[in-house]
>>> print(open('query_23.pdb').read())   # PDB, C-alpha atoms and all ligand atoms
ATOM      1  CA  MET A   1       2.653   9.408   1.561
ATOM      2  CA  ILE A   2       0.821   7.974   4.559
ATOM      3  CA  ARG A   3      -0.493  10.705   6.851
ATOM      4  CA  ASP A   4      -2.487  10.913  10.045
ATOM      5  CA  LEU A   5      -2.258   7.182  10.686
ATOM      6  CA  ASN A   6      -0.945   7.760  14.151
ATOM      7  CA  ALA A   7      -3.405  10.523  14.917
ATOM      8  CA  SER A   8      -6.284   8.108  15.370
ATOM      9  CA  PRO A   9      -4.779   5.636  17.839
ATOM     10  CA  PHE A  10      -2.603   8.226  19.514
ATOM     11  CA  PRO A  11      -4.401  11.566  19.272
ATOM     12  CA  GLY A  12      -2.876  14.809  20.423
ATOM     13  CA  ASP A  13       0.491  14.493  22.088
ATOM     14  CA  GLY A  14       1.244  10.876  21.202
ATOM     15  CA  SER A  15       0.552   9.549  24.688
ATOM     16  CA  ARG A  16      -0.223   5.845  25.038
ATOM     17  CA  ARG A  17      -3.951   5.630  24.572
ATOM     18  CA  PRO A  18      -5.007   2.359  22.908
ATOM     19  CA  LEU A  19      -7.699   2.431  20.250
ATOM     20  CA  CYS A  20     -10.977   0.875  21.351
ATOM     21  CA  VAL A  21     -12.078  -1.210  18.387
ATOM     22  CA  SER A  22     -14.998  -2.793  20.241
ATOM     23  CA  ALA A  23     -16.517  -3.049  23.683
ATOM     24  CA  ALA A  24     -13.892  -5.716  24.477
ATOM     25  CA  VAL A  25     -10.471  -4.653  25.736
ATOM     26  CA  PRO A  26      -8.191  -4.534  22.698
ATOM     27  CA  THR A  27      -5.362  -7.030  22.574
ATOM     28  CA  LEU A  28      -1.803  -6.000  21.790
ATOM     29  CA  THR A  29      -2.361  -7.319  18.268
ATOM     30  CA  ASP A  30      -5.451  -5.071  17.959
ATOM     31  CA  THR A  31      -3.459  -2.052  19.120
ATOM     32  CA  LEU A  32      -0.581  -2.715  16.715
ATOM     33  CA  ASP A  33      -2.964  -3.484  13.841
ATOM     34  CA  ALA A  34      -4.693  -0.144  14.457
ATOM     35  CA  LEU A  35      -1.376   1.606  13.759
ATOM     36  CA  LEU A  36      -0.804  -0.101  10.399
ATOM     37  CA  PRO A  37      -1.943   1.393   7.080
ATOM     38  CA  GLN A  38      -4.140  -1.565   6.054
ATOM     39  CA  THR A  39      -3.060  -1.507   2.420
ATOM     40  CA  GLN A  40      -2.600  -5.314   2.710
ATOM     41  CA  CYS A  41       0.365  -5.027   0.351
ATOM     42  CA  THR A  42       2.354  -7.877   2.030
ATOM     43  CA  GLN A  43       5.646  -5.983   1.639
ATOM     44  CA  CYS A  44       6.314  -6.695   5.327
ATOM     45  CA  GLY A  45       6.576 -10.372   4.426
ATOM     46  CA  TYR A  46       3.256 -11.319   6.031
ATOM     47  CA  ASP A  47      -0.131 -12.047   4.464
ATOM     48  CA  GLY A  48      -1.500  -8.664   5.492
ATOM     49  CA  CYS A  49      -1.387  -6.024   8.187
ATOM     50  CA  ARG A  50      -2.961  -8.089  10.949
ATOM     51  CA  PRO A  51      -0.640 -11.100  10.555
ATOM     52  CA  TYR A  52       2.282  -8.665  10.791
ATOM     53  CA  ALA A  53       0.737  -7.066  13.892
ATOM     54  CA  GLN A  54       0.343 -10.505  15.435
ATOM     55  CA  ALA A  55       3.965 -11.402  14.653
ATOM     56  CA  MET A  56       5.137  -8.205  16.365
ATOM     57  CA  ALA A  57       2.894  -8.839  19.366
ATOM     58  CA  GLU A  58       4.395 -12.314  19.703
ATOM     59  CA  GLY A  59       7.951 -10.971  19.405
ATOM     60  CA  ARG A  60       8.553 -12.649  16.049
ATOM     61  CA  ALA A  61       8.905  -9.498  13.915
ATOM     62  CA  ASP A  62      10.642  -6.158  14.184
ATOM     63  CA  VAL A  63       8.845  -2.818  13.935
ATOM     64  CA  ASN A  64      10.532  -1.616  10.744
ATOM     65  CA  ARG A  65       8.944  -3.749   8.025
ATOM     66  CA  CYS A  66       6.068  -1.577   6.711
ATOM     67  CA  PRO A  67       7.040   0.608   3.722
ATOM     68  CA  PRO A  68       3.614   2.282   3.303
ATOM     69  CA  GLY A  69       3.627   3.311   6.960
ATOM     70  CA  GLY A  70       7.139   4.724   6.851
ATOM     71  CA  ALA A  71       8.974   6.346   9.755
ATOM     72  CA  ARG A  72       5.889   7.608  11.602
ATOM     73  CA  THR A  73       4.377   4.156  11.820
ATOM     74  CA  ILE A  74       7.702   2.648  12.896
ATOM     75  CA  GLU A  75       7.935   5.198  15.700
ATOM     76  CA  ALA A  76       4.361   4.520  16.828
ATOM     77  CA  LEU A  77       4.898   0.739  16.824
ATOM     78  CA  ALA A  78       8.161   1.131  18.728
ATOM     79  CA  ARG A  79       6.438   3.314  21.350
ATOM     80  CA  VAL A  80       3.762   0.712  22.000
ATOM     81  CA  LEU A  81       6.241  -2.153  22.177
ATOM     82  CA  GLY A  82       8.868  -0.233  24.157
ATOM     83  CA  ARG A  83      11.473  -1.006  21.536
ATOM     84  CA  PRO A  84      13.874   1.341  19.753
ATOM     85  CA  ALA A  85      12.633   2.721  16.440
ATOM     86  CA  ARG A  86      14.813   1.589  13.570
ATOM     87  CA  PRO A  87      15.059   2.720   9.945
ATOM     88  CA  LEU A  88      12.757   0.981   7.487
ATOM     89  CA  ASP A  89      14.213  -2.365   6.428
ATOM     90  CA  PRO A  90      15.223  -1.752   2.781
ATOM     91  CA  ALA A  91      14.598  -5.412   2.012
ATOM     92  CA  CYS A  92      10.863  -4.684   2.468
ATOM     93  CA  GLY A  93      10.773  -1.733   0.062
ATOM     94  CA  THR A  94      10.759   2.048   0.195
ATOM     95  CA  HIS A  95       8.236   4.568   1.474
ATOM     96  CA  GLN A  96       6.560   6.217  -1.533
ATOM     97  CA  PRO A  97       3.790   8.736  -2.156
ATOM     98  CA  PHE A  98       0.355   7.133  -2.286
ATOM     99  CA  ARG A  99      -0.517   5.732  -5.702
ATOM    100  CA  VAL A 100      -3.557   3.915  -7.061
ATOM    101  CA  ALA A 101      -4.016   1.347  -9.797
ATOM    102  CA  LEU A 102      -5.343   2.370 -13.185
ATOM    103  CA  ILE A 103      -6.482  -0.153 -15.797
ATOM    104  CA  ASP A 104      -5.962   0.609 -19.467
ATOM    105  CA  GLU A 105      -9.449  -0.541 -20.304
ATOM    106  CA  ALA A 106      -8.841  -0.655 -24.055
ATOM    107  CA  HIS A 107      -6.330  -3.458 -23.514
ATOM    108  CA  CYS A 108      -8.081  -5.363 -20.735
ATOM    109  CA  ILE A 109      -8.996  -8.901 -21.848
ATOM    110  CA  GLY A 110     -11.350  -9.586 -18.932
ATOM    111  CA  CYS A 111      -9.399 -12.483 -17.443
ATOM    112  CA  THR A 112     -10.420 -11.541 -13.843
ATOM    113  CA  LEU A 113      -6.934 -12.300 -12.444
ATOM    114  CA  CYS A 114      -6.689  -8.804 -10.974
ATOM    115  CA  ILE A 115     -10.021  -9.214  -9.158
ATOM    116  CA  GLN A 116      -8.764 -12.421  -7.615
ATOM    117  CA  ALA A 117      -5.555 -10.685  -6.487
ATOM    118  CA  CYS A 118      -7.143  -7.558  -5.005
ATOM    119  CA  PRO A 119      -7.338  -7.933  -1.204
ATOM    120  CA  VAL A 120      -9.989  -5.239  -0.729
ATOM    121  CA  ASP A 121     -12.431  -5.800  -3.627
ATOM    122  CA  ALA A 122     -11.471  -2.548  -5.325
ATOM    123  CA  ILE A 123     -11.843  -3.884  -8.892
ATOM    124  CA  LEU A 124     -15.080  -4.266 -10.823
ATOM    125  CA  GLY A 125     -15.495  -6.534 -13.831
ATOM    126  CA  ALA A 126     -16.665  -9.884 -15.088
ATOM    127  CA  ASN A 127     -15.231 -12.727 -17.123
ATOM    128  CA  GLN A 128     -14.295 -11.503 -20.623
ATOM    129  CA  CYS A 129     -15.526  -8.001 -19.785
ATOM    130  CA  MET A 130     -13.540  -4.849 -19.275
ATOM    131  CA  HIS A 131     -12.369  -4.276 -15.699
ATOM    132  CA  THR A 132     -12.026  -1.043 -13.814
ATOM    133  CA  VAL A 133     -10.554   0.090 -10.489
ATOM    134  CA  ILE A 134     -12.737   1.812  -7.903
ATOM    135  CA  GLU A 135     -10.229   4.538  -7.143
ATOM    136  CA  ALA A 136     -11.711   5.462  -3.774
ATOM    137  CA  ASP A 137     -11.318   1.857  -2.563
ATOM    138  CA  CYS A 138      -7.832   1.203  -3.949
ATOM    139  CA  THR A 139      -5.102   0.954  -1.296
ATOM    140  CA  GLY A 140      -2.253   1.119  -3.801
ATOM    141  CA  CYS A 141      -1.005  -2.315  -2.730
ATOM    142  CA  GLU A 142       0.039  -3.223  -6.318
ATOM    143  CA  ARG A 143      -1.046  -6.837  -5.889
ATOM    144  CA  CYS A 144      -3.092  -6.673  -9.108
ATOM    145  CA  VAL A 145      -0.183  -5.513 -11.280
ATOM    146  CA  ALA A 146       1.946  -8.657 -11.595
ATOM    147  CA  PRO A 147      -0.904 -11.111 -12.359
ATOM    148  CA  CYS A 148      -2.186  -9.077 -15.344
ATOM    149  CA  PRO A 149      -1.181 -11.073 -18.445
ATOM    150  CA  VAL A 150      -1.303  -8.042 -20.763
ATOM    151  CA  ASP A 151       0.401  -5.499 -18.473
ATOM    152  CA  CYS A 152      -2.512  -3.112 -18.693
ATOM    153  CA  ILE A 153      -2.463  -2.031 -15.021
ATOM    154  CA  ALA A 154      -0.309   0.945 -14.058
ATOM    155  CA  MET A 155       0.216   2.624 -10.709
ATOM    156  CA  VAL A 156      -0.430   6.371 -10.915
ATOM    157  CA  PRO A 157      -0.153   9.170  -8.326
ATOM    158  CA  ALA A 158      -3.297   9.351  -6.206
ATOM    159  CA  GLY A 159      -2.912  13.098  -5.742
ATOM    160  CA  ARG A 160      -3.691  12.811  -2.066
ATOM    161  CA  ASP A 161      -2.416  11.188   1.111
ATOM    162  CA  TRP A 162      -3.648   7.912   2.626
ATOM    163  CA  THR A 163      -5.506   8.697   5.831
ATOM    164  CA  ALA A 164      -6.615   6.920   9.000
ATOM    165  CA  GLU A 165     -10.166   6.897   7.586
ATOM    166  CA  ASP A 166      -8.900   5.158   4.438
ATOM    167  CA  ALA A 167      -7.144   2.590   6.622
ATOM    168  CA  GLY A 168     -10.311   1.867   8.596
ATOM    169  CA  ALA A 169     -12.364   1.411   5.431
ATOM    170  CA  ALA A 170      -9.690  -0.819   3.859
ATOM    171  CA  ARG A 171      -9.583  -3.016   6.974
ATOM    172  CA  ALA A 172     -13.363  -3.483   6.785
ATOM    173  CA  ARG A 173     -13.245  -4.419   3.084
ATOM    174  CA  TYR A 174     -10.330  -6.813   3.687
ATOM    175  CA  GLN A 175     -12.184  -8.533   6.540
ATOM    176  CA  ALA A 176     -15.389  -8.789   4.502
ATOM    177  CA  ARG A 177     -13.538 -10.328   1.568
ATOM    178  CA  ASN A 178     -11.750 -12.836   3.813
ATOM    179  CA  ALA A 179     -15.031 -13.822   5.459
ATOM    180  CA  ARG A 180     -16.605 -14.380   2.041
ATOM    181  CA  LEU A 181     -13.658 -16.489   0.831
ATOM    182  CA  ARG A 182     -13.669 -18.537   4.037
ATOM    183  CA  ALA A 183     -17.380 -19.225   3.627
ATOM    184  CA  ARG A 184     -16.817 -20.455   0.079
ATOM    185  CA  HIS A 185     -13.961 -22.694   1.183
ATOM    186  CA  ASP A 186     -16.043 -24.214   3.975
ATOM    187  CA  GLU A 187     -18.813 -24.904   1.521
ATOM    188  CA  ALA A 188     -16.412 -26.666  -0.855
ATOM    189  CA  ALA A 189     -15.038 -28.783   2.002
ATOM    190  CA  GLY A 190     -18.475 -30.022   3.052
ATOM    191  CA  PRO A 191     -21.270 -32.078   1.511
ATOM    192  CA  ALA A 192     -22.196 -29.205  -0.780
ATOM    193  CA  ALA A 193     -18.968 -29.876  -2.702
ATOM    194  CA  ARG A 194     -20.671 -32.766  -4.513
ATOM    195  CA  THR A 195     -23.511 -30.532  -5.598
ATOM    196  CA  LEU A 196     -21.102 -27.895  -6.784
ATOM    197  CA  ALA A 197     -19.017 -30.454  -8.639
ATOM    198  CA  ASN A 198     -22.114 -31.476 -10.600
ATOM    199  CA  LYS A 199     -22.603 -27.922 -11.807
ATOM    200  CA  PRO A 200     -20.036 -27.167 -14.487
ATOM    201  CA  VAL A 201     -20.683 -23.436 -14.296
ATOM    202  CA  LEU A 202     -19.823 -23.343 -10.621
ATOM    203  CA  ALA A 203     -16.992 -25.874 -10.664
ATOM    204  CA  ALA A 204     -13.398 -24.684 -10.838
ATOM    205  CA  PRO A 205     -12.356 -24.203 -14.477
ATOM    206  CA  ASP A 206      -9.979 -26.662 -16.071
ATOM    207  CA  PRO A 207      -6.511 -24.988 -16.002
ATOM    208  CA  HIS A 208      -5.827 -25.873 -19.655
ATOM    209  CA  ASP A 209      -9.178 -24.453 -20.687
ATOM    210  CA  LYS A 210      -8.347 -21.293 -18.738
ATOM    211  CA  GLN A 211      -4.991 -20.997 -20.535
ATOM    212  CA  ASP A 212      -6.755 -21.429 -23.878
ATOM    213  CA  ARG A 213      -9.265 -18.718 -23.028
ATOM    214  CA  ILE A 214      -6.483 -16.334 -21.967
ATOM    215  CA  ALA A 215      -4.575 -17.068 -25.194
ATOM    216  CA  GLN A 216      -7.700 -16.389 -27.263
ATOM    217  CA  ALA A 217      -8.410 -13.188 -25.369
ATOM    218  CA  LEU A 218      -4.805 -12.072 -25.805
ATOM    219  CA  ALA A 219      -5.076 -12.630 -29.548
ATOM    220  CA  ARG A 220      -8.263 -10.535 -29.620
ATOM    221  CA  ALA A 221      -6.581  -7.793 -27.596
ATOM    222  CA  ARG A 222      -3.563  -7.746 -29.955
ATOM    223  CA  ALA A 223      -5.879  -7.547 -32.937
ATOM    224  CA  ARG A 224      -7.594  -4.488 -31.397
ATOM    225  CA  ARG A 225      -4.311  -2.611 -30.974
ATOM    226  CA  PRO A 226      -3.421  -0.056 -33.627
TER     227      PRO A 226
HETATM  228  S1  LIG A 301       0.649  -2.008   4.799
HETATM  229 FE1  LIG A 301       1.699  -3.673   3.764
HETATM  230  S2  LIG A 301       3.758  -3.729   4.652
HETATM  231 FE2  LIG A 301       2.455  -2.493   6.003
HETATM  232  S3  LIG A 301       1.757  -3.982   7.526
HETATM  233 FE3  LIG A 301       0.172  -3.849   5.959
HETATM  234  S4  LIG A 301       0.673  -5.538   4.568
HETATM  235 FE4  LIG A 301       2.503  -5.181   5.810
HETATM  236  S1  LIG A 302      -6.856  -2.329  -7.312
HETATM  237 FE1  LIG A 302      -4.793  -3.226  -7.297
HETATM  238  S2  LIG A 302      -3.539  -1.722  -6.214
HETATM  239 FE2  LIG A 302      -5.686  -1.222  -5.784
HETATM  240  S3  LIG A 302      -6.171  -2.309  -3.879
HETATM  241 FE3  LIG A 302      -6.746  -3.683  -5.524
HETATM  242  S4  LIG A 302      -4.927  -4.974  -5.889
HETATM  243 FE4  LIG A 302      -4.276  -3.195  -4.667
HETATM  244  S1  LIG A 303      -5.681  -8.850 -15.017
HETATM  245 FE1  LIG A 303      -5.448  -7.284 -16.627
HETATM  246  S2  LIG A 303      -6.389  -8.180 -18.433
HETATM  247 FE2  LIG A 303      -7.082  -9.409 -16.688
HETATM  248  S3  LIG A 303      -9.041  -8.469 -16.121
HETATM  249 FE3  LIG A 303      -7.472  -7.476 -14.865
HETATM  250  S4  LIG A 303      -6.861  -5.655 -16.034
HETATM  251 FE4  LIG A 303      -8.002  -6.961 -17.427
END
>>> encode(input="query_23.pdb", output="structure tokens")
Amino acid sequence: MIRDLNASPFPGDGSRRPLCVSAAVPTLTDTLDALLPQTQCTQCGYDGCRPYAQAMAEGRADVNRCPPGGARTIEALARVLGRPARPLDPACGTHQPFRVALIDEAHCIGCTLCIQACPVDAILGANQCMHTVIEADCTGCERCVAPCPVDCIAMVPAGRDWTAEDAGAARARYQARNARLRARHDEAAGPAARTLANKPVLAAPDPHDKQDRIAQALARARARRP
């Protein structure tokens, strides 16, 4: 259950008071983004909360596409945009109590696919080592679940609500991760790419080799099971 999300941008009686995210005047996208839960789950059909906020600001998306935000977020978005609030679009999903990911560490094969999928860097681990979720940083987005080749990630009740403070922290982690990934991409696109290509450890792994390593790790994991 998402709670208090609207309290931060619209404290008290719900009057229209935009959130100041910096010294600059916030844009409409900033204001809408501040109302979204920041789980970065993509259930709205966009790459994250901010792309959805931008689509709404540009009139390309309706206000009822965020399952984690539920009815309260829909109402807040509708207020800002002067549109009617509508029920959550069932095609996007359903509003559920807040859950977090839990890795069955005994079965983890250390493939790192969940780390690559996590939009907020909430998973710790290394290649061929056991992985674990940092519960306090997990947004419950479920993006790590499908990529896991051994189905050892489950979503479990968080036992608490997702708050505006959680949303702010998740936005910061999401932005930091994106900045880091962009920096890596830029490096690969420039002259440094040649240097990287000459370093096998840093170069992208051969996909067949990766498949082989996953198959070997799976076999080891099966052998460990009772
Ligand atoms: S929480 Fe998920 S569904 Fe809601 S805006 Fe963010 S990415 Fe979209
Ligand atoms: S650990 Fe999984 S559920 Fe939690 S934030 Fe990362 S990808 Fe989402
Ligand atoms: S995707 Fe699954 S098996 Fe691979 S590292 Fe993550 S938890 Fe372990």
>>> resolve_selection(input="query_23.pdb", expression="the PyMOL selection byres (((not hetatm)) within 12 of (chain A and resi 302))", output="PyMOL selection string")
chain A and resi 38-42+48+98-103+112-125+131-148+152-158+166-167+169-171+173-174+177
>>> resolve_selection(input="query_23.pdb", expression="the PyMOL selection byres (((not hetatm)) within 8 of (chain A and resi 301))", output="PyMOL selection string")
chain A and resi 33+36-50+52-53+65-69+92+141
>>> atom_distance(input="query_23.pdb", atom1="CA of Pro87 (chain A)", atom2="CA of Arg72 (chain A)")
10.5 Å
>>> closest_residue(input="query_23.pdb", among="A:Ala76, A:Ala71, A:Val63, A:Cys108", to="Thr94 (chain A)", atoms="only C-alpha atoms")
A:Ala71
>>> atom_distance(input="query_23.pdb", atom1="atom S1 of ligand LIG 303 (chain A)", atom2="CA of Leu181 (chain A)")
19.3 Å
>>> axis_aligned_box(input="query_23.pdb", around="ligand LIG 303 (chain A)", padding_each_side="3 Å", output="lines of an AutoDock Vina configuration file")
center_x = -7.2
center_y = -7.5
center_z = -16.6
size_x = 9.6
size_y = 9.8
size_z = 9.6
>>> closest_residue(input="query_23.pdb", among="A:Ala85, A:Ala179, A:Val150, A:Leu32", to="ligand LIG 303 (chain A)", atoms="all atoms listed in the file")
A:Val150
>>> closest_residue(input="query_23.pdb", among="A:Asn178, A:Arg184, A:Asp161, A:His107", to="ligand LIG 303 (chain A)", atoms="only C-alpha atoms and all ligand atoms")
A:His107
>>> closest_residue(input="query_23.pdb", among="A:Ala106, A:Glu165, A:Gln54, A:Pro97", to="ligand LIG 303 (chain A)", atoms="all atoms listed in the file")
A:Ala106
>>> resolve_selection(input="query_23.pdb", expression="the PyMOL selection byres (((chain A and resi 129) around 8) and not hetatm)", output="PDB file with C-alpha atoms, keeping the file's coordinate frame")
ATOM      1  CA  CYS A 108      -8.081  -5.363 -20.735  1.00  0.00           C
ATOM      2  CA  ILE A 109      -8.996  -8.901 -21.848  1.00  0.00           C
ATOM      3  CA  GLY A 110     -11.350  -9.586 -18.932  1.00  0.00           C
ATOM      4  CA  CYS A 111      -9.399 -12.483 -17.443  1.00  0.00           C
ATOM      5  CA  GLY A 125     -15.495  -6.534 -13.831  1.00  0.00           C
ATOM      6  CA  ALA A 126     -16.665  -9.884 -15.088  1.00  0.00           C
ATOM      7  CA  ASN A 127     -15.231 -12.727 -17.123  1.00  0.00           C
ATOM      8  CA  GLN A 128     -14.295 -11.503 -20.623  1.00  0.00           C
ATOM      9  CA  MET A 130     -13.540  -4.849 -19.275  1.00  0.00           C
ATOM     10  CA  HIS A 131     -12.369  -4.276 -15.699  1.00  0.00           C
TER      11      HIS A 131
END
>>> atom_distance(input="query_23.pdb", atom1="CA of Glu58 (chain A)", atom2="CA of Asp89 (chain A)")
19.3 Å
>>> decode(input="query_23.pdb", residues="region 91-120 of chain A", atoms="C-alpha atoms", output="PDB file, in the first residue's frame")
ATOM      1  CA  ALA A  91      -4.345  -3.279 -18.246  1.00  0.00           C
ATOM      2  CA  CYS A  92      -1.515  -1.738 -16.171  1.00  0.00           C
ATOM      3  CA  GLY A  93      -2.038  -3.970 -13.129  1.00  0.00           C
ATOM      4  CA  THR A  94      -3.636  -3.786  -9.705  1.00  0.00           C
ATOM      5  CA  HIS A  95      -2.822  -1.788  -6.591  1.00  0.00           C
ATOM      6  CA  GLN A  96      -1.265  -4.148  -4.026  1.00  0.00           C
ATOM      7  CA  PRO A  97       0.261  -3.896  -0.560  1.00  0.00           C
ATOM      8  CA  PHE A  98       3.953  -3.035  -0.644  1.00  0.00           C
ATOM      9  CA  ARG A  99       6.187  -6.065  -1.114  1.00  0.00           C
ATOM     10  CA  VAL A 100       9.947  -6.499  -1.384  1.00  0.00           C
ATOM     11  CA  ALA A 101      12.130  -9.016  -3.170  1.00  0.00           C
ATOM     12  CA  LEU A 102      13.744 -11.851  -1.260  1.00  0.00           C
ATOM     13  CA  ILE A 103      16.468 -14.049  -2.754  1.00  0.00           C
ATOM     14  CA  ASP A 104      16.656 -17.700  -1.774  1.00  0.00           C
ATOM     15  CA  GLU A 105      20.390 -17.493  -1.330  1.00  0.00           C
ATOM     16  CA  ALA A 106      20.887 -21.259  -1.170  1.00  0.00           C
ATOM     17  CA  HIS A 107      19.727 -21.517  -4.781  1.00  0.00           C
ATOM     18  CA  CYS A 108      21.320 -18.374  -6.196  1.00  0.00           C
ATOM     19  CA  ILE A 109      23.881 -19.219  -8.900  1.00  0.00           C
ATOM     20  CA  GLY A 110      25.455 -15.752  -8.986  1.00  0.00           C
ATOM     21  CA  CYS A 111      24.575 -14.941 -12.590  1.00  0.00           C
ATOM     22  CA  THR A 112      24.132 -11.187 -11.814  1.00  0.00           C
ATOM     23  CA  LEU A 113      21.047 -10.882 -14.067  1.00  0.00           C
ATOM     24  CA  CYS A 114      18.994  -9.499 -11.183  1.00  0.00           C
ATOM     25  CA  ILE A 115      21.593  -6.793 -10.486  1.00  0.00           C
ATOM     26  CA  GLN A 116      21.431  -5.731 -14.104  1.00  0.00           C
ATOM     27  CA  ALA A 117      17.619  -5.569 -13.944  1.00  0.00           C
ATOM     28  CA  CYS A 118      17.313  -3.643 -10.674  1.00  0.00           C
ATOM     29  CA  PRO A 119      16.646   0.043 -11.449  1.00  0.00           C
ATOM     30  CA  VAL A 120      17.709   1.311  -8.017  1.00  0.00           C
TER      31      VAL A 120
END
